[in-house]
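Source file: coords-v4.cif; contents: mmCIF, C-alpha atoms and all ligand atoms.
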data_structure
loop_
_atom_site.label_atom_id
_atom_site.label_comp_id
_atom_site.auth_asym_id
_atom_site.auth_seq_id
_atom_site.Cartn_x
_atom_site.Cartn_y
_atom_site.Cartn_z
CA MET A 1 53.56 81.36 84.80
CA THR A 2 52.90 81.34 81.07
CA ALA A 3 55.59 82.86 78.94
CA LYS A 4 54.87 85.90 76.85
CA ILE A 5 56.39 86.64 73.46
CA LEU A 6 56.61 90.18 72.15
CA ARG A 7 56.80 90.31 68.37
CA GLY A 8 58.16 93.39 66.63
CA ARG A 9 61.28 95.05 65.35
CA VAL A 10 63.89 94.67 68.08
CA LEU A 11 66.82 97.02 68.75
CA SER A 12 69.32 96.60 71.56
CA PHE A 13 72.87 97.96 71.88
CA LEU A 14 75.92 95.82 72.52
CA SER A 15 78.52 98.57 72.80
CA GLU A 16 78.91 102.31 72.30
CA PRO A 17 78.45 103.05 68.57
CA GLN A 18 81.55 104.45 66.87
CA GLY A 19 79.87 106.33 64.06
CA LEU A 20 76.79 105.87 61.91
CA ASP A 21 77.94 102.75 60.12
CA ASP A 22 78.94 100.81 63.24
CA VAL A 23 76.53 97.92 62.76
CA SER A 24 78.52 95.77 65.18
CA SER A 25 77.39 97.96 68.06
CA PHE A 26 73.79 96.78 68.11
CA LEU A 27 71.42 93.87 67.61
CA TYR A 28 68.58 94.59 65.18
CA LEU A 29 65.88 92.10 64.27
CA GLU A 30 63.37 93.07 61.56
CA ASP A 31 60.88 90.47 62.78
CA GLY A 32 62.03 89.67 66.28
CA ALA A 33 60.66 87.75 69.24
CA ILE A 34 61.38 88.54 72.88
CA THR A 35 60.36 85.72 75.18
CA ILE A 36 59.54 86.80 78.74
CA ALA A 37 58.87 84.74 81.83
CA ASP A 38 58.78 85.72 85.51
CA GLY A 39 59.60 89.33 84.70
CA LYS A 40 62.77 88.49 82.81
CA ILE A 41 63.87 88.06 79.24
CA VAL A 42 64.54 84.40 78.58
CA ALA A 43 65.21 84.51 74.84
CA VAL A 44 65.56 86.95 71.96
CA GLY A 45 65.84 86.07 68.28
CA ASP A 46 64.03 85.94 64.96
CA TYR A 47 60.32 85.29 65.30
CA ALA A 48 60.49 82.57 62.68
CA SER A 49 62.78 80.46 64.87
CA ALA A 50 61.18 81.27 68.26
CA GLU A 51 59.77 78.43 70.35
CA LEU A 52 56.18 79.56 70.63
CA GLY A 53 54.81 76.74 72.83
CA ASP A 54 51.72 77.98 74.63
CA ALA A 55 53.10 81.47 75.08
CA GLU A 56 50.85 84.51 74.84
CA ILE A 57 51.93 86.40 71.72
CA VAL A 58 51.72 90.18 71.65
CA ASP A 59 52.24 91.57 68.18
CA HIS A 60 53.80 95.05 68.22
CA ARG A 61 54.68 95.19 64.53
CA PRO A 62 55.57 97.55 62.91
CA HIS A 63 56.84 99.23 66.07
CA LEU A 64 60.36 99.15 67.48
CA ILE A 65 61.01 97.44 70.80
CA LEU A 66 63.95 98.72 72.84
CA PRO A 67 65.11 98.43 76.44
CA GLY A 68 63.20 100.86 78.68
CA PHE A 69 64.75 104.29 78.98
CA ILE A 70 66.87 105.20 82.00
CA ASP A 71 66.98 108.70 83.52
CA LEU A 72 70.05 109.35 85.68
CA HIS A 73 69.02 112.53 87.48
CA LEU A 74 65.73 114.14 88.41
CA HIS A 75 63.84 115.48 91.39
CA TYR A 76 60.49 113.74 91.87
CA VAL A 77 59.54 116.34 94.47
CA GLN A 78 59.72 119.01 91.76
CA SER A 79 57.12 117.32 89.53
CA GLN A 80 54.51 119.96 90.31
CA MET A 81 56.82 122.88 89.59
CA ILE A 82 58.01 121.90 86.13
CA ALA A 83 57.98 124.96 83.84
CA ALA A 84 58.27 127.51 86.66
CA TYR A 85 59.41 130.86 85.25
CA ALA A 86 62.78 131.25 86.75
CA GLY A 87 65.92 132.88 85.49
CA SER A 88 69.09 131.31 86.74
CA LEU A 89 69.79 128.41 89.06
CA LEU A 90 70.12 130.08 92.47
CA GLU A 91 67.14 132.38 91.85
CA TRP A 92 65.07 129.40 90.69
CA LEU A 93 66.03 127.39 93.77
CA ASN A 94 65.15 130.14 96.21
CA THR A 95 61.99 131.38 94.51
CA TYR A 96 60.34 128.07 93.62
CA THR A 97 62.19 124.92 94.54
CA PHE A 98 62.76 125.45 98.24
CA VAL A 99 59.14 126.59 98.60
CA GLU A 100 57.82 123.59 96.69
CA GLU A 101 59.89 121.03 98.57
CA GLN A 102 58.57 122.26 101.93
CA LYS A 103 55.15 120.82 101.01
CA PHE A 104 56.63 117.35 101.47
CA GLY A 105 56.59 117.92 105.20
CA GLN A 106 52.78 117.59 105.03
CA GLN A 107 51.12 114.24 105.52
CA GLY A 108 49.81 112.72 102.28
CA HIS A 109 51.53 115.09 99.86
CA ALA A 110 54.42 112.79 98.94
CA GLY A 111 52.13 109.85 98.19
CA ALA A 112 49.99 111.87 95.81
CA VAL A 113 52.94 113.40 93.96
CA SER A 114 54.83 110.12 93.67
CA ALA A 115 51.84 108.43 92.00
CA ASP A 116 51.67 111.18 89.36
CA PHE A 117 55.45 111.14 88.99
CA TYR A 118 55.56 107.42 88.20
CA ASP A 119 52.66 107.73 85.78
CA GLU A 120 54.63 110.39 83.92
CA LEU A 121 57.79 108.27 83.80
CA ILE A 122 55.84 105.36 82.33
CA ARG A 123 53.98 107.58 79.89
CA ASN A 124 57.41 108.61 78.55
CA GLY A 125 58.96 105.16 78.42
CA THR A 126 61.29 105.55 81.40
CA THR A 127 61.52 102.36 83.42
CA THR A 128 64.42 103.25 85.74
CA ALA A 129 65.33 106.64 87.19
CA VAL A 130 67.61 108.09 89.84
CA ALA A 131 65.76 110.70 91.88
CA TYR A 132 66.31 113.17 94.64
CA CYS A 133 63.53 113.13 97.20
CA SER A 134 63.07 116.08 99.59
CA SER A 135 64.83 116.35 102.94
CA HIS A 136 61.80 114.71 104.62
CA PRO A 137 62.18 110.94 105.15
CA ARG A 138 58.48 110.45 104.36
CA SER A 139 59.15 111.66 100.81
CA VAL A 140 61.61 108.77 100.44
CA ASP A 141 59.13 106.29 101.88
CA ALA A 142 56.49 107.39 99.36
CA TYR A 143 58.99 107.22 96.49
CA PHE A 144 60.15 103.67 97.17
CA ALA A 145 56.73 102.37 98.21
CA GLU A 146 55.30 103.45 94.86
CA ALA A 147 58.26 101.91 93.00
CA GLU A 148 57.71 98.66 94.84
CA ARG A 149 53.99 98.71 94.04
CA ARG A 150 54.88 99.06 90.35
CA ASN A 151 57.78 96.61 90.52
CA MET A 152 60.19 99.21 89.08
CA LEU A 153 63.95 99.39 89.50
CA MET A 154 64.28 102.86 91.00
CA ILE A 155 67.16 104.57 92.75
CA GLY A 156 66.88 107.56 95.06
CA GLY A 157 67.49 109.11 98.41
CA LYS A 158 66.69 111.77 100.94
CA VAL A 159 68.29 115.10 100.15
CA MET A 160 70.69 116.17 102.88
CA MET A 161 70.95 119.95 103.30
CA ASP A 162 71.82 121.80 106.49
CA ARG A 163 72.41 125.41 105.41
CA ASN A 164 71.56 128.13 102.89
CA ALA A 165 67.94 127.01 102.63
CA PRO A 166 64.71 127.67 104.57
CA GLU A 167 64.71 126.32 108.12
CA ALA A 168 61.82 123.95 107.33
CA LEU A 169 63.93 122.13 104.71
CA CYS A 170 67.16 121.88 106.66
CA ASP A 171 68.30 118.81 108.52
CA THR A 172 71.51 118.74 110.55
CA ALA A 173 74.68 116.80 109.87
CA GLN A 174 73.60 114.32 112.56
CA SER A 175 69.91 114.00 111.64
CA GLY A 176 70.75 113.75 107.93
CA TYR A 177 73.13 110.93 108.75
CA ASP A 178 70.70 109.16 111.09
CA ASP A 179 67.72 109.44 108.73
CA THR A 180 69.78 108.24 105.79
CA LYS A 181 70.98 105.19 107.74
CA ILE A 182 67.39 104.25 108.58
CA LEU A 183 66.24 104.77 104.99
CA ILE A 184 69.08 102.65 103.55
CA GLU A 185 68.17 99.91 105.99
CA ARG A 186 64.50 100.16 105.02
CA TRP A 187 64.74 100.50 101.25
CA HIS A 188 68.10 99.50 99.75
CA GLY A 189 67.64 96.10 98.14
CA ARG A 190 63.93 95.89 99.01
CA GLY A 191 62.00 94.92 95.88
CA ARG A 192 64.03 96.49 93.08
CA GLY A 193 64.88 99.64 95.06
CA LEU A 194 68.44 100.93 95.43
CA TYR A 195 69.54 103.82 97.62
CA ALA A 196 71.52 106.92 96.68
CA ILE A 197 73.19 108.92 99.43
CA SER A 198 72.20 112.46 98.41
CA PRO A 199 73.92 115.58 99.77
CA ARG A 200 72.19 118.19 97.58
CA PHE A 201 75.33 120.16 96.73
CA ALA A 202 78.23 121.89 98.42
CA ILE A 203 76.30 125.14 98.95
CA THR A 204 73.62 123.55 101.12
CA SER A 205 75.91 121.26 103.12
CA THR A 206 78.25 122.29 105.92
CA THR A 207 81.66 120.68 106.20
CA ALA A 208 80.15 118.54 108.99
CA GLN A 209 77.45 117.27 106.63
CA LEU A 210 79.91 116.40 103.85
CA GLU A 211 81.96 114.61 106.51
CA ALA A 212 78.82 112.67 107.50
CA SER A 213 78.21 111.90 103.81
CA ARG A 214 81.72 110.53 103.55
CA THR A 215 81.02 108.24 106.50
CA LEU A 216 77.75 107.05 104.95
CA ALA A 217 79.43 106.34 101.61
CA ALA A 218 82.21 104.40 103.35
CA GLU A 219 79.74 102.44 105.48
CA HIS A 220 77.50 101.66 102.48
CA PRO A 221 79.71 101.07 99.43
CA GLU A 222 76.76 99.22 97.85
CA CYS A 223 74.79 102.49 97.66
CA TYR A 224 75.10 105.24 95.07
CA VAL A 225 76.14 108.81 95.86
CA GLN A 226 74.50 111.66 93.98
CA THR A 227 75.04 115.39 94.08
CA HIS A 228 75.28 118.43 91.80
CA LEU A 229 78.52 119.74 90.32
CA SER A 230 79.48 122.82 88.36
CA GLU A 231 76.15 123.82 86.89
CA ASN A 232 76.34 127.59 86.93
CA ASP A 233 78.97 130.32 87.42
CA ALA A 234 77.38 131.89 90.51
CA GLU A 235 77.00 128.45 92.09
CA ILE A 236 80.67 127.70 91.47
CA SER A 237 81.82 131.01 93.00
CA PHE A 238 79.63 130.56 96.09
CA SER A 239 80.84 126.97 96.54
CA MET A 240 84.46 128.11 96.44
CA GLU A 241 83.76 130.84 99.04
CA LEU A 242 82.31 128.17 101.33
CA TYR A 243 85.15 125.70 100.72
CA PRO A 244 88.22 127.93 100.22
CA ASP A 245 90.68 125.14 100.97
CA SER A 246 89.57 122.96 98.07
CA PRO A 247 91.33 123.48 94.73
CA ASP A 248 88.09 123.67 92.70
CA TYR A 249 84.44 122.55 92.89
CA THR A 250 85.20 118.91 92.09
CA GLY A 251 87.94 119.11 94.70
CA ILE A 252 85.32 119.73 97.40
CA TYR A 253 83.69 116.34 96.81
CA GLU A 254 87.10 114.77 96.31
CA ASP A 255 88.28 116.15 99.68
CA TYR A 256 85.29 114.52 101.36
CA GLY A 257 85.80 111.12 99.73
CA LEU A 258 82.60 111.28 97.70
CA LEU A 259 83.95 110.44 94.23
CA GLY A 260 83.89 106.88 92.94
CA PRO A 261 82.34 104.67 90.28
CA ARG A 262 78.92 104.81 91.99
CA THR A 263 78.91 108.63 92.15
CA LEU A 264 76.54 110.55 89.86
CA LEU A 265 77.38 114.23 89.38
CA GLY A 266 74.51 116.22 87.92
CA HIS A 267 75.53 118.78 85.26
CA SER A 268 79.37 118.84 85.40
CA ILE A 269 79.42 121.63 82.82
CA HIS A 270 82.24 124.03 83.68
CA LEU A 271 85.13 121.73 84.58
CA ASN A 272 88.81 122.58 84.35
CA HIS A 273 91.44 120.06 83.27
CA ARG A 274 92.25 118.97 86.79
CA GLU A 275 88.59 118.32 87.55
CA THR A 276 88.15 116.36 84.33
CA ARG A 277 91.16 114.23 85.19
CA VAL A 278 89.83 113.57 88.71
CA LEU A 279 86.47 112.41 87.33
CA ALA A 280 88.22 110.08 84.89
CA GLU A 281 90.50 108.68 87.60
CA THR A 282 87.74 108.08 90.14
CA GLY A 283 85.20 106.71 87.64
CA ALA A 284 82.55 109.20 88.80
CA VAL A 285 79.81 109.85 86.25
CA ALA A 286 79.19 113.28 84.72
CA VAL A 287 75.43 113.53 84.12
CA PHE A 288 74.36 115.67 81.16
CA CYS A 289 70.95 117.33 81.69
CA PRO A 290 70.32 119.21 78.43
CA THR A 291 66.80 120.60 78.81
CA SER A 292 67.62 121.90 82.27
CA ASN A 293 70.92 123.42 81.16
CA LEU A 294 69.17 125.35 78.42
CA PHE A 295 66.14 126.32 80.53
CA LEU A 296 68.26 127.73 83.37
CA GLY A 297 70.88 129.11 81.00
CA SER A 298 73.53 127.15 82.84
CA GLY A 299 75.87 126.31 79.98
CA LEU A 300 76.76 123.86 77.22
CA PHE A 301 78.01 120.45 78.37
CA ASP A 302 81.38 119.68 76.79
CA HIS A 303 80.66 116.07 75.86
CA ASP A 304 83.61 115.27 73.62
CA ARG A 305 86.24 116.80 75.90
CA LEU A 306 85.00 114.73 78.83
CA GLN A 307 84.66 111.58 76.77
CA GLN A 308 88.13 111.93 75.29
CA ALA A 309 89.50 112.36 78.80
CA GLY A 310 87.89 109.06 79.78
CA VAL A 311 85.06 110.45 81.92
CA ARG A 312 81.94 108.29 82.15
CA ILE A 313 78.89 110.18 80.92
CA GLY A 314 75.18 109.70 81.63
CA MET A 315 71.98 111.38 80.44
CA ALA A 316 69.11 112.83 82.43
CA THR A 317 66.05 115.06 82.40
CA ASP A 318 66.67 116.89 85.71
CA ILE A 319 62.96 117.47 86.34
CA GLY A 320 61.93 120.12 87.49
CA GLY A 321 64.83 122.26 86.16
CA GLY A 322 64.43 120.12 83.07
CA THR A 323 61.41 120.81 80.93
CA SER A 324 60.33 117.33 79.86
CA PHE A 325 60.04 113.88 81.37
CA SER A 326 60.77 112.48 77.91
CA MET A 327 64.21 111.06 77.22
CA LEU A 328 63.44 111.56 73.50
CA ARG A 329 62.99 115.30 74.08
CA THR A 330 66.12 115.21 76.25
CA MET A 331 68.26 113.69 73.50
CA ASP A 332 66.89 116.18 70.98
CA GLU A 333 68.13 119.04 73.17
CA ALA A 334 71.42 117.21 73.76
CA TYR A 335 71.91 117.03 70.01
CA LYS A 336 71.34 120.79 69.70
CA ILE A 337 73.71 121.65 72.55
CA LEU A 338 76.41 119.57 70.91
CA GLN A 339 75.68 121.24 67.58
CA LEU A 340 76.56 124.56 69.25
CA ARG A 341 79.72 122.90 70.58
CA LYS A 342 80.56 121.74 67.02
CA GLN A 343 80.24 118.18 68.31
CA ARG A 344 78.21 115.44 66.71
CA LEU A 345 75.76 113.17 68.47
CA THR A 346 74.56 110.42 66.14
CA PRO A 347 71.10 108.85 66.49
CA LEU A 348 72.76 105.53 67.30
CA SER A 349 74.70 107.15 70.14
CA SER A 350 71.55 108.83 71.45
CA PHE A 351 69.64 105.58 71.74
CA TYR A 352 72.68 103.83 73.16
CA LYS A 353 72.94 106.53 75.84
CA MET A 354 69.29 106.29 76.92
CA THR A 355 69.56 102.53 77.36
CA LEU A 356 72.84 100.62 77.69
CA GLY A 357 74.91 103.79 78.22
CA ASN A 358 72.93 104.83 81.28
CA ALA A 359 72.80 101.22 82.54
CA ARG A 360 76.60 101.15 82.36
CA ALA A 361 76.80 104.47 84.17
CA LEU A 362 74.91 102.74 87.00
CA SER A 363 77.01 99.54 86.68
CA LEU A 364 73.70 97.74 86.08
CA GLU A 365 74.29 96.54 82.51
CA GLY A 366 73.80 92.94 83.59
CA THR A 367 70.30 93.79 84.84
CA ILE A 368 68.77 96.50 82.66
CA GLY A 369 69.56 98.45 79.49
CA THR A 370 69.74 95.60 76.98
CA ILE A 371 67.38 93.02 75.54
CA ALA A 372 69.31 89.94 76.54
CA PRO A 373 68.47 86.70 78.33
CA GLY A 374 68.63 87.15 82.09
CA ASN A 375 67.94 90.87 82.02
CA ALA A 376 64.75 92.39 83.36
CA ALA A 377 61.91 92.66 80.84
CA ASP A 378 61.81 96.47 81.17
CA LEU A 379 60.98 97.51 77.61
CA VAL A 380 59.63 100.38 75.55
CA VAL A 381 57.68 100.08 72.30
CA LEU A 382 58.21 103.04 69.97
CA ASP A 383 55.82 104.21 67.28
CA SER A 384 57.69 106.36 64.78
CA GLY A 385 54.40 107.32 63.09
CA ALA A 386 52.69 108.53 66.24
CA THR A 387 51.78 112.03 65.03
CA PRO A 388 50.81 113.54 61.68
CA VAL A 389 54.13 115.31 61.27
CA MET A 390 56.03 112.13 62.07
CA ARG A 391 54.05 110.35 59.35
CA LEU A 392 54.78 113.18 56.95
CA ARG A 393 58.53 112.79 57.27
CA GLN A 394 59.67 109.99 54.97
CA GLY A 395 62.83 108.17 55.95
CA SER A 396 64.04 104.77 54.93
CA SER A 397 66.85 103.62 57.20
CA LEU A 398 66.90 102.66 60.86
CA VAL A 399 69.12 105.66 61.57
CA ASP A 400 66.56 107.96 59.87
CA GLU A 401 63.83 106.48 62.00
CA LEU A 402 65.77 106.88 65.26
CA PHE A 403 66.59 110.49 64.47
CA LEU A 404 62.94 111.16 63.64
CA LEU A 405 61.87 109.66 66.98
CA GLN A 406 64.45 111.76 68.83
CA THR A 407 63.67 114.99 67.00
CA LEU A 408 59.87 114.83 66.81
CA GLY A 409 58.93 112.19 69.36
CA ASP A 410 57.52 112.61 72.86
CA ASP A 411 55.16 110.60 75.08
CA ARG A 412 52.85 110.05 72.10
CA ALA A 413 55.57 107.96 70.41
CA ILE A 414 55.62 105.56 73.36
CA ALA A 415 53.15 102.92 72.24
CA GLU A 416 53.64 100.62 75.22
CA VAL A 417 55.93 100.09 78.17
CA TYR A 418 56.71 96.84 79.98
CA VAL A 419 57.95 96.78 83.54
CA ALA A 420 59.27 93.39 84.59
CA GLY A 421 57.27 91.86 81.77
CA ALA A 422 53.94 93.50 82.63
CA ARG A 423 52.17 96.10 80.50
CA ALA A 424 52.56 99.45 82.24
CA LYS A 425 51.45 102.23 79.89
CA SER A 426 48.18 100.89 78.51
CA THR A 427 47.14 99.97 82.03
CA LEU A 428 47.85 103.42 83.53
CA GLY A 429 45.00 104.87 85.55
CA GLY A 430 44.50 108.36 86.82
CA LEU A 431 45.63 111.06 84.44
CA ALA A 432 46.37 108.66 81.55
CA ALA A 433 45.74 110.18 78.18
ZN ZN B 1 69.16 118.39 89.88
#

For this file, produce the structure as structure tokens.
Amino acid sequence: MTAKILRGRVLSFLSEPQGLDDVSSFLYLEDGAITIADGKIVAVGDYASAELGDAEIVDHRPHLILPGFIDLHLHYVQSQMIAAYAGSLLEWLNTYTFVEEQKFGQQGHAGAVSADFYDELIRNGTTTAVAYCSSHPRSVDAYFAEAERRNMLMIGGKVMMDRNAPEALCDTAQSGYDDTKILIERWHGRGRGLYAISPRFAITSTTAQLEASRTLAAEHPECYVQTHLSENDAEISFSMELYPDSPDYTGIYEDYGLLGPRTLLGHSIHLNHRETRVLAETGAVAVFCPTSNLFLGSGLFDHDRLQQAGVRIGMATDIGGGTSFSMLRTMDEAYKILQLRKQRLTPLSSFYKMTLGNARALSLEGTIGTIAPGNAADLVVLDSGATPVMRLRQGSSLVDELFLLQTLGDDRAIAEVYVAGARAKSTLGGLAA
């Protein structure tokens, strides 16, 4: 296979930036070359010293080339209900979400939605995501089959929920366990797919189902575990009524052995000191979902308190509670939430979080999240002059440009996307625009 060289300005993080002048935290090449072969990066360096050979050269100047964005939490089965007028979390779940997810019991529905869902990820520069499917195994089959067709590294799983939801969505502790076992067998490690054991949250799982989840996690330590934690006050109160013996909401998942370095906890907003300490000790990841938290009025994620306590933090859109598939829009809202918290999110930190930060949260930094030899050639090409207003704003430094992309950018700023070395955005069919 002929090698391909992408020419452009290259930015890739090496570590978490400690302030705006931390130039040691990233690699930046003004005229860089990324050499790709067999879906992987084989070399990165200055274009002037690249071995061109007979490689195909794709010139992306003056655009920026970064690792593809990673989204740590979203619900692909809620793609068609984004922007549903809602109110608060539990009202939104009962009025829209649980109705929408029932459609995935119908033949053909999951396949159609998953195709649109992946198109939207690509359009927004997201090359890896961690998704909840519905409680129907066929929704998981459609999700991973489409990922495999597109050669994308995607993580996901069947939602397990056996109470406090419509009958048509509920499994049982036993069937949720059995179906999950079959799906792990079928999809974990096939192509680039990885499985996440997915009890929805404490409210919709009986003690028997959390017990079954514990068994699954113990039997499959190679899989991720994902659930929701401490999003909204009413949700917390209801969870504590259902699990009165646990010390707090985090304690519920702790009591059922579900916390570890491969556990992703969506939201994690209202945590007490004990809960924060438990997350830090277990290595579980608190996943910040800013557009969703604002849309549902859930609360303001306390980033600095968690980080200072040693909690691992990831970033996500939380579609369809979230209001954009774009990680750029997501980081813009994260910045504003932290402004209200009197905390500062620098543009360097934002772009670190969307790439290497989220790869580290998945313990996949040796595979995705950086532009380094051996890593997958999952890349995004950013155009910081994509719209008239972006061209109007004059900035001179790299930091200015990143902040402009975060504040004003959306899918229009994604000039191209590469998945395992292949062009993915310019070749989109269907709804591409
Ligand atoms: Zn969610």

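With atom CA of Asn375 of chain A on one side and atom CA of Lys40 of chain A on the other, the separation reads 5.7 Å.
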
Q. Residues at most 9 Å from Ser230 of chain A, counting only C-alpha atoms, excluding those fewer than 3 positions away in the same chain, as an MDAnalysis selection string?
A. chainID A and resid 233 235:236 249:250 265:271

**Q.** Given 8 Å and all atoms listed in the file, residues near ligand ZN 1 (chain B) as a ChimeraX atom specification
**A.** /A:73-75,132,227-228,266-267,318-321

(Q) Need the shell around Glu148 of chain A: protein/DNA/RNA residues with any atom at most 12 Å away, counting all atoms listed in the file. Skip same-chain ones fewer than 4 positions apart. Format as a PyMOL selection string? (A) chain A and resi 114-115+118+141-144+152-155+187-194+419-420

I need the residues from that last selection saved to file as a PDB file, keeping the file's coordinate frame (with C-alpha atoms), if you can.
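Printed below is part23.pdb as written:
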ATOM      1  CA  SER A 114      54.830 110.120  93.670  1.00  0.00           C
ATOM      2  CA  ALA A 115      51.840 108.430  92.000  1.00  0.00           C
ATOM      3  CA  TYR A 118      55.560 107.420  88.200  1.00  0.00           C
ATOM      4  CA  ASP A 141      59.130 106.290 101.880  1.00  0.00           C
ATOM      5  CA  ALA A 142      56.490 107.390  99.360  1.00  0.00           C
ATOM      6  CA  TYR A 143      58.990 107.220  96.490  1.00  0.00           C
ATOM      7  CA  PHE A 144      60.150 103.670  97.170  1.00  0.00           C
ATOM      8  CA  MET A 152      60.190  99.210  89.080  1.00  0.00           C
ATOM      9  CA  LEU A 153      63.950  99.390  89.500  1.00  0.00           C
ATOM     10  CA  MET A 154      64.280 102.860  91.000  1.00  0.00           C
ATOM     11  CA  ILE A 155      67.160 104.570  92.750  1.00  0.00           C
ATOM     12  CA  TRP A 187      64.740 100.500 101.250  1.00  0.00           C
ATOM     13  CA  HIS A 188      68.100  99.500  99.750  1.00  0.00           C
ATOM     14  CA  GLY A 189      67.640  96.100  98.140  1.00  0.00           C
ATOM     15  CA  ARG A 190      63.930  95.890  99.010  1.00  0.00           C
ATOM     16  CA  GLY A 191      62.000  94.920  95.880  1.00  0.00           C
ATOM     17  CA  ARG A 192      64.030  96.490  93.080  1.00  0.00           C
ATOM     18  CA  GLY A 193      64.880  99.640  95.060  1.00  0.00           C
ATOM     19  CA  LEU A 194      68.440 100.930  95.430  1.00  0.00           C
ATOM     20  CA  VAL A 419      57.950  96.780  83.540  1.00  0.00           C
ATOM     21  CA  ALA A 420      59.270  93.390  84.590  1.00  0.00           C
TER      22      ALA A 420
END

Non-local contacts of Tyr335 of chain A (10 Å; only C-alpha atoms; under 4 positions in same chain excluded) as an mmCIF file with C-alpha atoms, keeping the file's coordinate frame:
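So result-v6.cif came out as:
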data_model
loop_
_atom_site.group_PDB
_atom_site.id
_atom_site.type_symbol
_atom_site.label_atom_id
_atom_site.label_comp_id
_atom_site.auth_asym_id
_atom_site.auth_seq_id
_atom_site.Cartn_x
_atom_site.Cartn_y
_atom_site.Cartn_z
ATOM 1 C CA PRO A 290 70.320 119.210 78.430
ATOM 2 C CA ARG A 329 62.990 115.300 74.080
ATOM 3 C CA THR A 330 66.120 115.210 76.250
ATOM 4 C CA MET A 331 68.260 113.690 73.500
ATOM 5 C CA GLN A 339 75.680 121.240 67.580
ATOM 6 C CA LEU A 340 76.560 124.560 69.250
ATOM 7 C CA ARG A 341 79.720 122.900 70.580
ATOM 8 C CA GLN A 343 80.240 118.180 68.310
ATOM 9 C CA ARG A 344 78.210 115.440 66.710
ATOM 10 C CA LEU A 345 75.760 113.170 68.470
ATOM 11 C CA THR A 346 74.560 110.420 66.140
ATOM 12 C CA PRO A 347 71.100 108.850 66.490
ATOM 13 C CA SER A 350 71.550 108.830 71.450
ATOM 14 C CA GLN A 406 64.450 111.760 68.830
ATOM 15 C CA THR A 407 63.670 114.990 67.000
#

Q: Find the residues near Pro199 of chain A: any atom within 8 Å, counting only C-alpha atoms, skip ones fewer than 6 places away on the same chain, and give them as a PyMOL selection string.
A: chain A and resi 159-161+205+209-210+213+226-227
